[in-house]
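**Student:** Mind having a look at this structure? Questions to follow.
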Amino acid sequence: MARQPQYSVIPDSAVDRLVSEVKGEVFLPDDPGYEAELDGFNRIGRHRPAIVVGAVAAEDVVAAVRIATELGLPVGVQATGHGIAAPAEDALLVTTHRMNAVAVDPIARIARVEAGAQWHQVIATAAYHGLAPLNGSSHLVGVVGYTLGGGLGPLGRLYGYAADHVTRVHLVTADGRHRTVTPESDGDLFWAVRGGKGNFGIVTALEFRLVPVARLYGGGLYFSGAQAAAVLDAWRTWTRTVPETLTSSVALLRLPGLHQVPGHPAGELAVHIRIAFTGTQEDGEELLRPLREAGALLADTVAEMPYRDVAEIHQDPTEPLPYHERNIVLRDLDEDALDALLAAAGPDSGCTDPMVELRHLGGALSRPPAVANAVGRDGAYTLSTLSLPGSPDVVLRPLSGWSTGRRYLNFLAGADTSGSAPECFDRATFARLLQVKKHYDPHNTFRLGHALLPDGAA
């Protein structure tokens, strides 16, 4: 029998204050709409807060944080719910999906987005001006959480992480102040929040640079699972030679259905190489020749595409589902590592993970940005898994010998990852993050999600 959450008793006076001060909606556990308000994309966990504030403006976030602090409640935030860690209980949760305005200045090449905006909104608005954001593989992910966790996407090797392009952060800190955070105004906080995710406050709006990309030579190459060894080896060798204008990944897929591959049996292993190249189609075709010759193709969707269709490259799921998300960063991918990966997740492994993915790093992802942030830069590849509810890690542990010892913060979801944030940073970076945390959140108010400090730590 599932344990029932223990809700804090919120004084009527505090509820009345929230209702009077908040322009959005306020939900208690017995209220109609409470359950629907908690719905998130990843159903591996579900928040059960003592009270929910459905914010529509920055002032709502300020009021929620101030009252939660007075009550001694931890504060969490949810936009889309892709990266849920341990469910928030006995807490105040701010939901931001109603705050989703997006504006683009095409002359300055700057986008300004509110807390609940999703990437498809920014992609479409920027594309009208021949520009692109540093979005991720899924167009449904929230802009803010993705960016604050680093932001590793299809343009990464050429332009770096999304966090590298942030110019201004509008943030409510634990003292209830609504700050405009820039390198000049709050240097340490600006450094920490870009990479340290939600540990320092709640972002109400974010401003970041766009890049001049209007089209791609991109898409996917699909092979049967029986060819996994040959295809992975070809991709591994090929990544050592490609220019920074090409960002790629390869995934072992066991999805319920692959509509991109007509006739491919549902759930049967397929290999999917994802390609995003900013160069010409002619150059792209030449670059991809070794991959297209690596095996018998089931499907080839790589072609000229407008950047607004970038989500077609990865074909990430679009309907909510429950999954554990785990990862490690690899320092290299040699033949022995590939053998270990195939033994753990290949066609004869017995692995049931719907997706096991390698992403190629390097290029701008390995260089320090113009304005330093807390995003890690070590490693040559990320190895991440999406696993079924209750499934243990059967893939990452056998590859630990090739790990840098780090994880990537954005590729973590599920309660078993809630204590993994310290593993995402080197010792010096983590120590500096804790210093900033102590200054701006001395009582560890923002300790939900992937927290730097455990629950109750100060």
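Residues are referred to by chain and number: the chain letter is A, B, ... according to the order shown in the structure tokens, the number counts from 1 in that chain, and ligands are numbered separately from 1 in the order shown.
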Check stretch 92-298 of chain A with DSSP on the backbone and list each residue it calls strand (DSSP E), as a PyMOL selection string.

**Tutor:** chain A and resi 92-95+102-105+110-114+166-172+178-181+202-209+215-224+246-253+270-277+297-298

**Student:** Now that the selection is made, can you save its residues with C-alpha atoms as a PDB file, in the first residue's frame?

**Tutor:**
ATOM      1  CA  LEU A  92       4.911  24.827  -1.427  1.00  0.00           C
ATOM      2  CA  LEU A  93       5.056  24.181  -5.158  1.00  0.00           C
ATOM      3  CA  VAL A  94       4.978  26.971  -7.722  1.00  0.00           C
ATOM      4  CA  THR A  95       3.714  25.942 -11.155  1.00  0.00           C
ATOM      5  CA  VAL A 102       8.109  34.721 -25.572  1.00  0.00           C
ATOM      6  CA  ALA A 103       9.577  37.795 -27.284  1.00  0.00           C
ATOM      7  CA  VAL A 104      12.436  38.044 -29.781  1.00  0.00           C
ATOM      8  CA  ASP A 105      14.509  41.115 -30.637  1.00  0.00           C
ATOM      9  CA  ILE A 110      18.010  38.247 -27.962  1.00  0.00           C
ATOM     10  CA  ALA A 111      15.045  36.212 -26.758  1.00  0.00           C
ATOM     11  CA  ARG A 112      13.161  36.909 -23.546  1.00  0.00           C
ATOM     12  CA  VAL A 113      11.031  34.079 -22.200  1.00  0.00           C
ATOM     13  CA  GLU A 114       8.879  33.696 -19.133  1.00  0.00           C
ATOM     14  CA  VAL A 166      22.214  33.586 -21.132  1.00  0.00           C
ATOM     15  CA  THR A 167      22.555  37.347 -20.696  1.00  0.00           C
ATOM     16  CA  ARG A 168      20.094  38.087 -17.885  1.00  0.00           C
ATOM     17  CA  VAL A 169      18.161  36.100 -15.273  1.00  0.00           C
ATOM     18  CA  HIS A 170      15.091  37.401 -13.443  1.00  0.00           C
ATOM     19  CA  LEU A 171      15.113  35.455 -10.192  1.00  0.00           C
ATOM     20  CA  VAL A 172      13.203  35.350  -6.895  1.00  0.00           C
ATOM     21  CA  HIS A 178      12.924  39.726  -7.251  1.00  0.00           C
ATOM     22  CA  ARG A 179      16.392  40.248  -8.671  1.00  0.00           C
ATOM     23  CA  THR A 180      17.637  41.036 -12.158  1.00  0.00           C
ATOM     24  CA  VAL A 181      20.817  38.988 -12.210  1.00  0.00           C
ATOM     25  CA  ILE A 202      12.778  30.594  -8.963  1.00  0.00           C
ATOM     26  CA  VAL A 203      13.372  32.134 -12.363  1.00  0.00           C
ATOM     27  CA  THR A 204      10.504  34.312 -13.582  1.00  0.00           C
ATOM     28  CA  ALA A 205      12.103  35.215 -16.917  1.00  0.00           C
ATOM     29  CA  LEU A 206      15.271  34.486 -18.847  1.00  0.00           C
ATOM     30  CA  GLU A 207      17.085  36.394 -21.592  1.00  0.00           C
ATOM     31  CA  PHE A 208      19.579  34.773 -23.951  1.00  0.00           C
ATOM     32  CA  ARG A 209      21.322  35.194 -27.274  1.00  0.00           C
ATOM     33  CA  ARG A 215      18.280  25.605 -41.775  1.00  0.00           C
ATOM     34  CA  LEU A 216      20.051  22.321 -41.193  1.00  0.00           C
ATOM     35  CA  TYR A 217      21.084  19.224 -43.036  1.00  0.00           C
ATOM     36  CA  GLY A 218      19.591  16.938 -40.452  1.00  0.00           C
ATOM     37  CA  GLY A 219      17.507  13.918 -39.593  1.00  0.00           C
ATOM     38  CA  GLY A 220      18.040  10.281 -38.717  1.00  0.00           C
ATOM     39  CA  LEU A 221      19.662   7.110 -40.015  1.00  0.00           C
ATOM     40  CA  TYR A 222      17.937   3.920 -38.825  1.00  0.00           C
ATOM     41  CA  PHE A 223      19.421   0.436 -38.742  1.00  0.00           C
ATOM     42  CA  SER A 224      18.211  -2.877 -37.356  1.00  0.00           C
ATOM     43  CA  LEU A 246      28.170  18.674 -36.966  1.00  0.00           C
ATOM     44  CA  THR A 247      26.512  17.511 -33.749  1.00  0.00           C
ATOM     45  CA  SER A 248      25.314  13.916 -33.500  1.00  0.00           C
ATOM     46  CA  SER A 249      24.182  11.148 -31.210  1.00  0.00           C
ATOM     47  CA  VAL A 250      23.321   7.487 -31.539  1.00  0.00           C
ATOM     48  CA  ALA A 251      20.554   5.678 -29.692  1.00  0.00           C
ATOM     49  CA  LEU A 252      19.618   2.072 -29.132  1.00  0.00           C
ATOM     50  CA  LEU A 253      15.829   2.176 -29.212  1.00  0.00           C
ATOM     51  CA  ALA A 270      16.723  -0.363 -33.666  1.00  0.00           C
ATOM     52  CA  VAL A 271      19.768   1.882 -33.953  1.00  0.00           C
ATOM     53  CA  HIS A 272      19.100   5.555 -34.619  1.00  0.00           C
ATOM     54  CA  ILE A 273      21.889   8.009 -35.535  1.00  0.00           C
ATOM     55  CA  ARG A 274      20.763  11.619 -35.092  1.00  0.00           C
ATOM     56  CA  ILE A 275      22.380  14.285 -37.294  1.00  0.00           C
ATOM     57  CA  ALA A 276      22.419  18.108 -37.119  1.00  0.00           C
ATOM     58  CA  PHE A 277      24.818  19.755 -39.592  1.00  0.00           C
ATOM     59  CA  LEU A 297      19.481   1.225 -43.755  1.00  0.00           C
ATOM     60  CA  LEU A 298      15.924   0.757 -42.556  1.00  0.00           C
TER      61      LEU A 298
END

**Student:** Within 10 Å of stretch 9-21 of chain A, which residues of stretch 35-89 of chain A show up? Give each one with its shortest atom-to-atom distance in Å (one decimal) and the two atoms involved, counting only C-alpha atoms, rows by chain then rising residue number, as JSON lines.

**Tutor:**
{"residue": "A:Ala50", "atom": "CA", "partner": "A:Ile10", "partner_atom": "CA", "distance": 7.5}
{"residue": "A:Ile51", "atom": "CA", "partner": "A:Ile10", "partner_atom": "CA", "distance": 7.9}
{"residue": "A:Val53", "atom": "CA", "partner": "A:Leu18", "partner_atom": "CA", "distance": 8.2}
{"residue": "A:Glu59", "atom": "CA", "partner": "A:Glu21", "partner_atom": "CA", "distance": 8.3}
{"residue": "A:Asp60", "atom": "CA", "partner": "A:Glu21", "partner_atom": "CA", "distance": 7.2}
{"residue": "A:Val62", "atom": "CA", "partner": "A:Glu21", "partner_atom": "CA", "distance": 9.7}
{"residue": "A:Ala63", "atom": "CA", "partner": "A:Glu21", "partner_atom": "CA", "distance": 6.6}
{"residue": "A:Ala64", "atom": "CA", "partner": "A:Leu18", "partner_atom": "CA", "distance": 6.9}
{"residue": "A:Arg66", "atom": "CA", "partner": "A:Leu18", "partner_atom": "CA", "distance": 9.9}
{"residue": "A:Ile67", "atom": "CA", "partner": "A:Ala14", "partner_atom": "CA", "distance": 7.0}
{"residue": "A:Ala68", "atom": "CA", "partner": "A:Ala14", "partner_atom": "CA", "distance": 8.9}
{"residue": "A:Glu70", "atom": "CA", "partner": "A:Ala14", "partner_atom": "CA", "distance": 9.2}
{"residue": "A:Leu71", "atom": "CA", "partner": "A:Ile10", "partner_atom": "CA", "distance": 8.0}
{"residue": "A:Leu73", "atom": "CA", "partner": "A:Ile10", "partner_atom": "CA", "distance": 9.7}

**Student:** Please indicate the distance in Å from atom CA of A:Arg177 to atom CA of A:Ala86, rounded to one decimal place.

**Tutor:**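 It comes out at 26.6 Å.
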
**Student:** Can you work out the spacing between atom CA of A:Pro133 and atom CA of A:Gly116 in Å, to one decimal?

**Tutor:**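 About the pair atom CA of A:Pro133 and atom CA of A:Gly116: they are 16.1 Å apart.
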
**Student:** Suppose you want the space between atom CA of A:Gly279 and atom CA of A:Ser137; what is it in Å?

**Tutor:** 19.1 Å
